[in-house]
Structures are given as C-alpha cells and as structure tokens.
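Novice: My structure is in data35.cif, and what it holds is mmCIF, C-alpha atoms:
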```cif
data_final
#
loop_
_atom_site.label_atom_id
_atom_site.label_comp_id
_atom_site.auth_asym_id
_atom_site.auth_seq_id
_atom_site.Cartn_x
_atom_site.Cartn_y
_atom_site.Cartn_z
CA MET A 1 -32.27 -4.55 7.12
CA ILE A 2 -29.28 -4.33 9.46
CA ILE A 3 -29.64 -1.72 12.20
CA VAL A 4 -26.16 -0.30 12.79
CA PRO A 5 -25.24 1.63 15.97
CA THR A 6 -23.87 5.15 15.61
CA ILE A 7 -20.44 5.25 13.97
CA THR A 8 -17.69 7.86 14.27
CA ALA A 9 -15.16 7.81 11.45
CA ILE A 10 -11.66 8.98 12.41
CA VAL A 11 -9.32 10.24 9.69
CA VAL A 12 -5.73 11.26 10.45
CA SER A 13 -4.21 13.57 7.84
CA TYR A 14 -0.63 14.67 7.35
CA HIS A 15 0.24 16.23 3.98
CA THR A 16 -2.26 13.84 2.41
CA GLY A 17 -3.01 15.70 -0.80
CA PRO A 18 -6.24 15.85 -2.83
CA ARG A 19 -7.23 12.21 -2.22
CA LEU A 20 -8.36 13.39 1.21
CA HIS A 21 -11.29 15.13 -0.51
CA GLU A 22 -12.53 11.85 -1.99
CA CYS A 23 -12.15 10.10 1.35
CA LEU A 24 -14.19 12.72 3.18
CA TYR A 25 -16.92 13.03 0.55
CA ALA A 26 -17.48 9.26 0.75
CA LEU A 27 -17.71 9.41 4.55
CA LYS A 28 -20.01 12.44 4.41
CA SER A 29 -22.46 10.66 2.13
CA ASP A 30 -22.49 7.27 3.87
CA PRO A 31 -25.76 6.93 5.83
CA SER A 32 -24.14 4.66 8.44
CA ILE A 33 -21.73 7.38 9.62
CA ALA A 34 -23.01 9.80 12.23
CA GLU A 35 -19.78 11.72 12.85
CA VAL A 36 -16.47 12.34 11.11
CA ILE A 37 -13.46 13.48 13.13
CA ILE A 38 -10.47 14.75 11.16
CA VAL A 39 -7.24 14.87 13.13
CA ASP A 40 -5.05 17.33 11.25
CA ASN A 41 -1.45 16.44 12.09
CA GLY A 42 -0.16 18.99 9.58
CA ASN A 43 -1.16 20.09 6.09
CA PRO A 44 -0.30 22.96 3.74
CA PRO A 45 -2.31 26.18 4.34
CA GLU A 46 -4.48 25.67 1.26
CA ASP A 47 -5.46 22.17 2.43
CA GLU A 48 -6.22 23.40 5.93
CA ALA A 49 -8.42 26.12 4.44
CA TRP A 50 -10.30 23.49 2.44
CA LEU A 51 -10.76 21.34 5.56
CA ASP A 52 -12.08 24.32 7.51
CA SER A 53 -14.58 25.11 4.77
CA PHE A 54 -15.65 21.47 4.52
CA SER A 55 -16.24 21.22 8.27
CA ARG A 56 -18.28 24.42 8.30
CA ASP A 57 -20.53 23.09 5.55
CA VAL A 58 -21.07 19.61 7.03
CA ASP A 59 -22.51 19.45 10.54
CA LYS A 60 -21.21 15.98 11.35
CA VAL A 61 -17.58 16.86 10.54
CA HIS A 62 -15.19 18.09 13.26
CA ILE A 63 -11.50 18.96 13.12
CA ILE A 64 -8.86 18.44 15.81
CA ARG A 65 -5.82 20.61 15.16
CA ASP A 66 -3.33 21.69 17.84
CA GLY A 67 -0.25 22.35 15.72
CA THR A 68 1.51 19.12 16.64
CA ASN A 69 2.17 15.82 14.90
CA PRO A 70 2.24 13.15 17.63
CA GLY A 71 2.13 10.28 15.14
CA PHE A 72 -0.68 8.19 13.70
CA GLY A 73 -1.65 6.14 16.75
CA ALA A 74 -1.64 9.09 19.14
CA ALA A 75 -3.74 11.08 16.67
CA VAL A 76 -6.33 8.30 16.42
CA ASN A 77 -6.45 8.19 20.22
CA LYS A 78 -7.12 11.94 20.25
CA GLY A 79 -10.02 11.45 17.90
CA ALA A 80 -11.39 8.50 19.87
CA ALA A 81 -11.25 10.48 23.12
CA GLY A 82 -13.87 12.91 21.84
CA ALA A 83 -15.89 10.53 19.65
CA LEU A 84 -19.60 10.11 20.30
CA GLY A 85 -20.34 7.06 18.15
CA GLU A 86 -20.80 3.64 19.71
CA LEU A 87 -18.48 2.28 17.04
CA LEU A 88 -15.24 3.70 15.66
CA LEU A 89 -14.22 3.43 12.02
CA ILE A 90 -10.52 4.12 11.49
CA ILE A 91 -9.81 4.90 7.85
CA ASN A 92 -6.78 6.26 6.01
CA PRO A 93 -7.08 9.69 4.38
CA ASP A 94 -6.20 8.23 0.97
CA ALA A 95 -8.88 5.50 1.18
CA VAL A 96 -12.41 5.74 -0.22
CA LEU A 97 -15.09 3.73 1.60
CA ARG A 98 -17.20 1.36 -0.47
CA ARG A 99 -20.89 1.97 0.19
CA GLY A 100 -22.55 -0.79 2.19
CA SER A 101 -19.35 -1.87 3.95
CA LEU A 102 -20.23 -0.77 7.47
CA PRO A 103 -23.37 -2.88 8.06
CA VAL A 104 -21.55 -6.08 7.07
CA MET A 105 -18.60 -5.15 9.29
CA TYR A 106 -20.98 -4.68 12.20
CA GLU A 107 -22.60 -8.06 11.49
CA ALA A 108 -19.16 -9.67 11.47
CA MET A 109 -18.59 -8.40 15.03
CA LYS A 110 -21.59 -10.26 16.45
CA ASP A 111 -21.36 -13.51 18.40
CA ARG A 112 -17.58 -13.49 18.57
CA PRO A 113 -15.29 -13.54 21.61
CA GLN A 114 -14.68 -10.03 22.90
CA PRO A 115 -12.86 -7.73 22.37
CA VAL A 116 -13.44 -7.78 18.62
CA LEU A 117 -11.86 -5.79 15.80
CA VAL A 118 -13.00 -6.06 12.16
CA GLY A 119 -11.17 -5.04 8.99
CA GLY A 120 -12.01 -5.41 5.32
CA LYS A 121 -10.60 -5.67 1.83
CA ILE A 122 -8.18 -2.94 0.80
CA PHE A 123 -7.92 -2.76 -2.98
CA ASP A 124 -6.15 -0.65 -5.58
CA ILE A 125 -7.59 1.22 -8.56
CA HIS A 126 -7.63 -2.04 -10.54
CA GLY A 127 -9.63 -3.85 -7.86
CA ARG A 128 -6.66 -5.96 -6.76
CA GLU A 129 -6.31 -6.77 -3.08
CA GLU A 130 -3.39 -4.92 -1.54
CA ARG A 131 -0.88 -6.28 0.92
CA GLY A 132 -1.71 -6.16 4.61
CA GLY A 133 -5.49 -6.26 4.77
CA ARG A 134 -5.41 -9.81 6.17
CA ARG A 135 -2.41 -11.26 7.95
CA ASN A 136 -1.18 -13.87 10.35
CA THR A 137 0.16 -12.74 13.71
CA LEU A 138 3.54 -11.08 13.21
CA THR A 139 6.40 -13.10 14.68
CA LEU A 140 10.14 -12.59 14.44
CA THR A 141 10.53 -15.55 12.08
CA ARG A 142 7.79 -14.27 9.77
CA ALA A 143 9.38 -10.82 9.72
CA MET A 144 12.61 -12.45 8.57
CA GLY A 145 10.78 -14.16 5.71
CA ILE A 146 10.39 -17.58 7.32
CA GLY A 147 6.73 -18.51 7.09
CA LYS A 148 3.79 -16.54 5.76
CA TRP A 149 2.71 -13.25 7.26
CA THR A 150 0.49 -11.44 4.76
CA LEU A 151 -2.34 -13.42 3.13
CA GLU A 152 -3.35 -11.39 0.08
CA ASN A 153 -2.12 -14.14 -2.24
CA ASP A 154 -4.26 -16.79 -0.54
CA PRO A 155 -7.67 -17.57 -2.09
CA PRO A 156 -10.06 -14.83 -0.95
CA PRO A 157 -12.67 -15.95 1.57
CA GLU A 158 -16.34 -15.55 0.70
CA GLU A 159 -17.37 -14.47 4.19
CA ALA A 160 -15.88 -13.14 7.41
CA ILE A 161 -12.97 -15.14 8.84
CA GLU A 162 -10.77 -14.73 11.92
CA VAL A 163 -7.15 -13.82 11.23
CA GLY A 164 -4.04 -12.75 13.12
CA ALA A 165 -4.13 -9.09 12.09
CA VAL A 166 -5.82 -6.58 9.82
CA SER A 167 -4.70 -3.16 8.65
CA GLY A 168 -4.97 0.07 10.60
CA ALA A 169 -5.88 1.72 7.31
CA PHE A 170 -9.43 0.40 7.62
CA PHE A 171 -11.04 -1.23 10.64
CA MET A 172 -13.99 -0.98 13.03
CA MET A 173 -14.08 -1.42 16.78
CA ASN A 174 -16.40 -0.59 19.66
CA ARG A 175 -15.43 2.82 21.04
CA LYS A 176 -15.55 1.82 24.72
CA THR A 177 -13.55 -1.32 24.00
CA PHE A 178 -10.90 0.59 22.05
CA ARG A 179 -10.53 3.17 24.80
CA GLY A 180 -10.66 0.51 27.53
CA MET A 181 -7.66 -1.18 25.93
CA GLY A 182 -5.79 2.11 25.95
CA GLY A 183 -6.24 2.60 22.21
CA PHE A 184 -3.14 2.48 20.09
CA ASP A 185 0.23 2.24 21.83
CA GLU A 186 1.54 5.79 21.37
CA GLY A 187 5.12 4.57 21.56
CA TYR A 188 4.80 3.84 17.83
CA PHE A 189 5.03 6.96 15.71
CA LEU A 190 4.07 5.36 12.40
CA HIS A 191 3.43 1.74 11.35
CA VAL A 192 2.97 -1.48 13.36
CA GLU A 193 0.63 0.11 15.91
CA ASP A 194 -2.20 -1.76 14.17
CA VAL A 195 -0.39 -5.11 14.42
CA ASP A 196 0.26 -4.37 18.10
CA LEU A 197 -3.44 -3.65 18.75
CA CYS A 198 -4.52 -6.85 16.98
CA ARG A 199 -2.08 -8.88 19.04
CA ARG A 200 -3.38 -7.38 22.27
CA VAL A 201 -6.95 -8.18 21.21
CA LEU A 202 -5.97 -11.82 20.68
CA GLN A 203 -4.02 -11.94 23.95
CA GLN A 204 -7.21 -10.94 25.75
CA GLY A 205 -9.06 -13.85 24.16
CA GLY A 206 -10.79 -11.68 21.58
CA SER A 207 -11.27 -11.81 17.81
CA VAL A 208 -9.60 -10.15 14.84
CA VAL A 209 -11.88 -10.53 11.83
CA TYR A 210 -11.43 -9.99 8.09
CA GLU A 211 -14.69 -9.24 6.27
CA PRO A 212 -14.12 -9.47 2.48
CA ARG A 213 -17.51 -7.94 1.62
CA ALA A 214 -16.40 -4.64 3.17
CA GLY A 215 -13.75 -2.59 1.49
CA VAL A 216 -11.96 0.61 0.59
CA LEU A 217 -10.27 1.84 -2.55
CA HIS A 218 -6.76 2.73 -1.44
CA TYR A 219 -4.73 5.08 -3.58
CA GLY A 220 -1.58 4.91 -1.44
CA SER A 221 1.64 6.96 -1.59
CA THR A 222 -0.25 10.25 -1.66
CA SER A 223 1.72 11.90 1.14
CA ASP A 224 4.76 13.99 0.28
CA VAL A 225 6.69 12.57 3.25
CA PRO A 226 10.03 11.11 1.99
CA SER A 227 10.00 7.33 1.70
CA GLU A 228 13.28 7.14 3.65
CA THR A 229 11.56 8.77 6.61
CA VAL A 230 8.63 6.37 6.44
CA LEU A 231 10.94 3.34 6.32
CA ALA A 232 12.94 4.63 9.29
CA HIS A 233 9.75 4.95 11.35
CA LYS A 234 8.70 1.45 10.31
CA ALA A 235 12.06 0.00 11.33
CA ASP A 236 11.83 1.68 14.74
CA SER A 237 8.28 0.38 15.15
CA LEU A 238 9.27 -3.19 14.32
CA ALA A 239 12.03 -3.04 16.92
CA ARG A 240 9.56 -1.77 19.54
CA TYR A 241 7.00 -4.45 18.67
CA PHE A 242 9.42 -7.35 18.95
CA ARG A 243 10.91 -6.03 22.20
CA LYS A 244 7.40 -5.67 23.62
CA PHE A 245 6.19 -9.15 22.69
CA ALA A 246 9.44 -11.10 23.13
CA SER A 247 8.62 -14.34 24.92
CA GLY A 248 11.75 -14.58 27.06
CA PRO A 249 15.40 -13.53 27.57
CA LEU A 250 16.68 -15.41 24.53
CA GLU A 251 14.17 -13.81 22.17
CA LYS A 252 14.85 -10.39 23.71
CA ALA A 253 18.55 -10.87 23.09
CA LEU A 254 17.88 -11.94 19.50
CA VAL A 255 15.72 -8.86 18.93
CA ALA A 256 18.52 -6.64 20.25
CA ILE A 257 20.95 -8.22 17.77
CA ILE A 258 18.61 -8.08 14.77
CA SER A 259 16.92 -4.69 15.31
CA PRO A 260 19.74 -2.58 13.79
CA PHE A 261 19.23 -4.47 10.51
CA PHE A 262 15.47 -3.83 10.17
CA LEU A 263 15.95 -0.66 8.12
CA ARG A 264 18.31 -2.40 5.69
CA MET A 265 15.82 -5.27 5.37
CA LEU A 266 12.94 -2.91 4.61
CA LYS A 267 14.95 -1.02 2.02
CA ALA A 268 15.80 -4.29 0.28
CA ARG A 269 12.10 -5.19 0.07
CA ALA A 270 10.93 -1.73 -1.03
#
```
Just give me the structure of the file as structure tokens.
Specialist:
Amino acid sequence: MIIVPTITAIVVSYHTGPRLHECLYALKSDPSIAEVIIVDNGNPPEDEAWLDSFSRDVDKVHIIRDGTNPGFGAAVNKGAAGALGELLLIINPDAVLRRGSLPVMYEAMKDRPQPVLVGGKIFDIHGREERGGRRNTLTLTRAMGIGKWTLENDPPPEEAIEVGAVSGAFFMMNRKTFRGMGGFDEGYFLHVEDVDLCRRVLQQGGSVVYEPRAGVLHYGSTSDVPSETVLAHKADSLARYFRKFASGPLEKALVAIISPFFLRMLKARA
C-alpha cells in the first residue's frame, strides 16, 4: 500500500457551470485528499449559493472569494498560499478525478531530480486522450507548426515518463516547492502559465513527469466565457512566454514581429 502525504486540491472556478459539482464530489470522496480549496473567481448567484452550502456540509472544503478575478494562475497562487497539504493537486473545475490516481502520481515523483511536477492523462467522455496532457517544451518554431509540440498522437506510454510539459488542468507538486518557485507567473491571465512553470522546473534541473495511470475525465468548454475572449488571452500569454524565454536579441526581435499574428494563428486552428 502506498502511503501518500496530505494533499490539498485547488480548484479555480469562473462561470464553470454544473460540471463543477461532479468535480467537487469526486474530490470530496477521494481518500487521498485532505483538503479542497475552491477559489471562486466569479460565478452566478445560484452557483455561489450551491458552493456555500457544499462547503458548510463538508469540513475539508474551503472557499476563497474576494469579488475579484485575477486570472487562473493568480487564483491558484491564492489557494496555495493558504493550503495545508504537503502536496498540491491543481485540477480544473470541469475535470473529474479518476479514483486511485493520486498514489501513482506521488510514486512517480520519487527518485527524480528536484523540483518535480507530475501530470496525468486527460481524457474525454469517450476515453480518448485530449490534447495537451503531455507535450514537448514549447519553442517558437513548434508554436509556428515546425516540429512536434503536443504528444497525444504518439503511442501512449505504459508507465511514467519525463516530458517537456504537462497541463495545468491536472498536476501535482510539493506545496513548499511550488511556493518556493513563486508559483504561477501572475503576468499570465489565462493559458500558458502551466507551460511557463514546467519550463522553469526544467531550467532548475528538475523533472516534468507524465503518469498515464493517473487521469481525469475532462468535459471542457463548460464556461460561458466567449471563445473570442479566451483566444485573446491565449495570444497575449504566448507573446509573454516567448518574450520571457527568448534566448537572445535576434529571437526577441522575431517575437516582437510575430506576436501580433498569434491571435490570427489561433483562430485559424480553432
């Protein structure tokens, strides 16, 4: 039997819809989770009322709500600042945890170069692996379609492997390590903050791990936020990421030239 340290699950919700209920019920019932922190970035009154009732009925559930929406990464950092668990599980509000995932994720963290971050399989209602759960490191050439970035079409591994990046929709990390690295870069409002964190882990000589035996059912597209808004945030985040990790003056200049076209590129791929 695997003895797992205490785990705090952090869920950031913004107009998530009813799938949030399934997410939270799964976390509530998982024996590996000692605490659930819901960061409410904004929800309709009826959903906030449901969250309040849920937190009153379940001792290990806590809500952070201050009337602001600072973005996904900043909200996760808020949750992590008050978390008590030795480990953090970051999970999307429209994702349902598969029972038994957390012990194997913890095992995948052992005996690897630190800092270490572990993600798992993200699958749809048909059991198909979704895009983004396992990836190479994001480079400018890969973003432009030259070379492979996401790996969901590669043969699935049978056990944990080290990769360039995993998804912020579902990953585990030591709480002190996450906070010691400054958590997510709050300069990203939405998207790419996970890729940024993975890259910083690797830059520090650490490990980003994909554990296929852990997983979540991901419904996706449950928020009522307009897709145009989401794509605009993603384009801004890509520009920030490539400026931040540009290797020299030439690459910085290239990023400045290409950045205005990121939104058009994303729309073409949508």
Novice: Can you work out which one of A:Tyr241, A:Phe189, A:Trp149, A:Phe123 has the shortest atom-to-atom distance to Phe170 of chain A, counting all atoms listed in the file?
Specialist: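 Between A:Tyr241, A:Phe189, A:Trp149, A:Phe123, the residue approaching Phe170 of chain A most closely is A:Phe123.
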Novice: Would you kindly return, as a compact mmCIF listing (two decimals) with C-alpha atoms, in the frame of the given file, each protein, DNA or RNA residue with an atom no farther than 7 Å from any atom of segment 258-264 of chain A, considering only C-alpha atoms and excluding same-chain residues fewer than 6 positions away?
Specialist:
```txt
# COMPACT_ATOMS: atom_id res chain seq x y z
CA LEU A 231 10.94 3.34 6.32
CA ALA A 232 12.94 4.63 9.29
CA ALA A 235 12.06 0.00 11.33
CA ALA A 239 12.03 -3.04 16.92
```
Novice: Would you translate the PyMOL selection byres ((chain A and resi 115) around 9) into the concrete set of residues it matches in this file, as a list in words?
Specialist: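 On the file shown, the PyMOL selection byres ((chain A and resi 115) around 9) covers Arg112, Pro113, Gln114, Val116, Leu117, Met173, Asn174, Thr177, Phe178, Val201, Leu202, Gln204, Gly205, Gly206, Ser207 and Val208 of chain A.
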Novice: Could you tell me which residues the PyMOL selection byres ((chain A and resi 49-64) around 10) returns for this structure, as a PyMOL selection string?
Specialist: chain A and resi 8-12+20-21+24-25+27-28+33-41+43-48+65-67+75+78-79+82-83
Novice: With only C-alpha atoms as the basis for distance, which of A:Val163, A:Gly145, A:Glu107, A:Phe72 is at the shortest distance from Arg269 of chain A?
Specialist: A:Gly145
Novice: Pick from A:Ala214, A:Leu266, A:Ile3, A:Leu87: nearest to Glu159 of chain A, with all atoms listed in the file counted?
Specialist: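 Using all atoms listed in the file, Glu159 of chain A sits closest to A:Ala214.
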Novice: Provide segment 3-14 of chain A rebuilt to all heavy atoms, formatted as an mmCIF file, in the frame of the given file.
Specialist:
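And here is the file that came out, selection10.cif:
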```
data_model
loop_
_atom_site.group_PDB
_atom_site.id
_atom_site.type_symbol
_atom_site.label_atom_id
_atom_site.label_comp_id
_atom_site.auth_asym_id
_atom_site.auth_seq_id
_atom_site.Cartn_x
_atom_site.Cartn_y
_atom_site.Cartn_z
ATOM 1 N N ILE A 3 -29.651 -2.958 11.427
ATOM 2 C CA ILE A 3 -29.640 -1.720 12.200
ATOM 3 C C ILE A 3 -28.246 -1.554 12.796
ATOM 4 O O ILE A 3 -27.798 -2.358 13.618
ATOM 5 C CB ILE A 3 -30.691 -1.750 13.335
ATOM 6 C CG1 ILE A 3 -32.079 -2.073 12.784
ATOM 7 C CG2 ILE A 3 -30.686 -0.415 14.083
ATOM 8 C CD1 ILE A 3 -32.611 -1.053 11.823
ATOM 9 N N VAL A 4 -27.544 -0.524 12.359
ATOM 10 C CA VAL A 4 -26.160 -0.300 12.790
ATOM 11 C C VAL A 4 -26.127 0.782 13.870
ATOM 12 O O VAL A 4 -26.771 1.830 13.716
ATOM 13 C CB VAL A 4 -25.290 0.128 11.598
ATOM 14 C CG1 VAL A 4 -23.844 0.328 12.027
ATOM 15 C CG2 VAL A 4 -25.360 -0.917 10.489
ATOM 16 N N PRO A 5 -25.399 0.568 14.977
ATOM 17 C CA PRO A 5 -25.240 1.630 15.970
ATOM 18 C C PRO A 5 -24.540 2.845 15.368
ATOM 19 O O PRO A 5 -23.996 2.784 14.258
ATOM 20 C CB PRO A 5 -24.360 0.975 17.050
ATOM 21 C CG PRO A 5 -24.483 -0.489 16.824
ATOM 22 C CD PRO A 5 -24.706 -0.668 15.359
ATOM 23 N N THR A 6 -24.530 3.939 16.102
ATOM 24 C CA THR A 6 -23.870 5.150 15.610
ATOM 25 C C THR A 6 -22.375 4.902 15.411
ATOM 26 O O THR A 6 -21.732 4.222 16.206
ATOM 27 C CB THR A 6 -24.060 6.314 16.585
ATOM 28 O OG1 THR A 6 -23.629 5.907 17.892
ATOM 29 C CG2 THR A 6 -25.520 6.741 16.635
ATOM 30 N N ILE A 7 -21.840 5.456 14.333
ATOM 31 C CA ILE A 7 -20.440 5.250 13.970
ATOM 32 C C ILE A 7 -19.744 6.594 13.846
ATOM 33 O O ILE A 7 -20.247 7.505 13.176
ATOM 34 C CB ILE A 7 -20.314 4.488 12.641
ATOM 35 C CG1 ILE A 7 -20.924 3.097 12.755
ATOM 36 C CG2 ILE A 7 -18.844 4.380 12.222
ATOM 37 C CD1 ILE A 7 -20.959 2.337 11.435
ATOM 38 N N THR A 8 -18.586 6.718 14.472
ATOM 39 C CA THR A 8 -17.690 7.860 14.270
ATOM 40 C C THR A 8 -16.518 7.408 13.417
ATOM 41 O O THR A 8 -15.825 6.453 13.762
ATOM 42 C CB THR A 8 -17.157 8.397 15.611
ATOM 43 O OG1 THR A 8 -18.226 8.935 16.379
ATOM 44 C CG2 THR A 8 -16.113 9.494 15.367
ATOM 45 N N ALA A 9 -16.325 8.069 12.288
ATOM 46 C CA ALA A 9 -15.160 7.810 11.450
ATOM 47 C C ALA A 9 -14.029 8.742 11.871
ATOM 48 O O ALA A 9 -14.248 9.943 12.061
ATOM 49 C CB ALA A 9 -15.496 8.027 9.978
ATOM 50 N N ILE A 10 -12.832 8.194 12.034
ATOM 51 C CA ILE A 10 -11.660 8.980 12.410
ATOM 52 C C ILE A 10 -10.650 8.925 11.268
ATOM 53 O O ILE A 10 -10.241 7.846 10.825
ATOM 54 C CB ILE A 10 -11.020 8.458 13.709
ATOM 55 C CG1 ILE A 10 -12.022 8.557 14.861
ATOM 56 C CG2 ILE A 10 -9.745 9.231 14.033
ATOM 57 C CD1 ILE A 10 -11.513 8.005 16.174
ATOM 58 N N VAL A 11 -10.263 10.113 10.791
ATOM 59 C CA VAL A 11 -9.320 10.240 9.690
ATOM 60 C C VAL A 11 -8.139 11.079 10.156
ATOM 61 O O VAL A 11 -8.326 12.218 10.598
ATOM 62 C CB VAL A 11 -9.974 10.916 8.462
ATOM 63 C CG1 VAL A 11 -8.981 11.007 7.305
ATOM 64 C CG2 VAL A 11 -11.234 10.170 8.033
ATOM 65 N N VAL A 12 -6.942 10.520 10.093
ATOM 66 C CA VAL A 12 -5.730 11.260 10.450
ATOM 67 C C VAL A 12 -5.052 11.718 9.167
ATOM 68 O O VAL A 12 -4.772 10.907 8.283
ATOM 69 C CB VAL A 12 -4.765 10.401 11.282
ATOM 70 C CG1 VAL A 12 -3.478 11.172 11.578
ATOM 71 C CG2 VAL A 12 -5.426 9.948 12.577
ATOM 72 N N SER A 13 -4.796 13.022 9.066
ATOM 73 C CA SER A 13 -4.210 13.570 7.840
ATOM 74 C C SER A 13 -2.904 14.289 8.127
ATOM 75 O O SER A 13 -2.820 15.107 9.045
ATOM 76 C CB SER A 13 -5.201 14.546 7.179
ATOM 77 O OG SER A 13 -4.629 15.161 6.046
ATOM 78 N N TYR A 14 -1.899 13.959 7.311
ATOM 79 C CA TYR A 14 -0.630 14.670 7.350
ATOM 80 C C TYR A 14 -0.121 14.796 5.924
ATOM 81 O O TYR A 14 0.307 13.805 5.329
ATOM 82 C CB TYR A 14 0.401 13.955 8.237
ATOM 83 C CG TYR A 14 1.747 14.654 8.288
ATOM 84 C CD1 TYR A 14 1.926 15.775 9.091
ATOM 85 C CD2 TYR A 14 2.808 14.205 7.513
ATOM 86 C CE1 TYR A 14 3.152 16.438 9.131
ATOM 87 C CE2 TYR A 14 4.031 14.858 7.543
ATOM 88 C CZ TYR A 14 4.208 15.977 8.351
ATOM 89 O OH TYR A 14 5.412 16.629 8.378
#
```
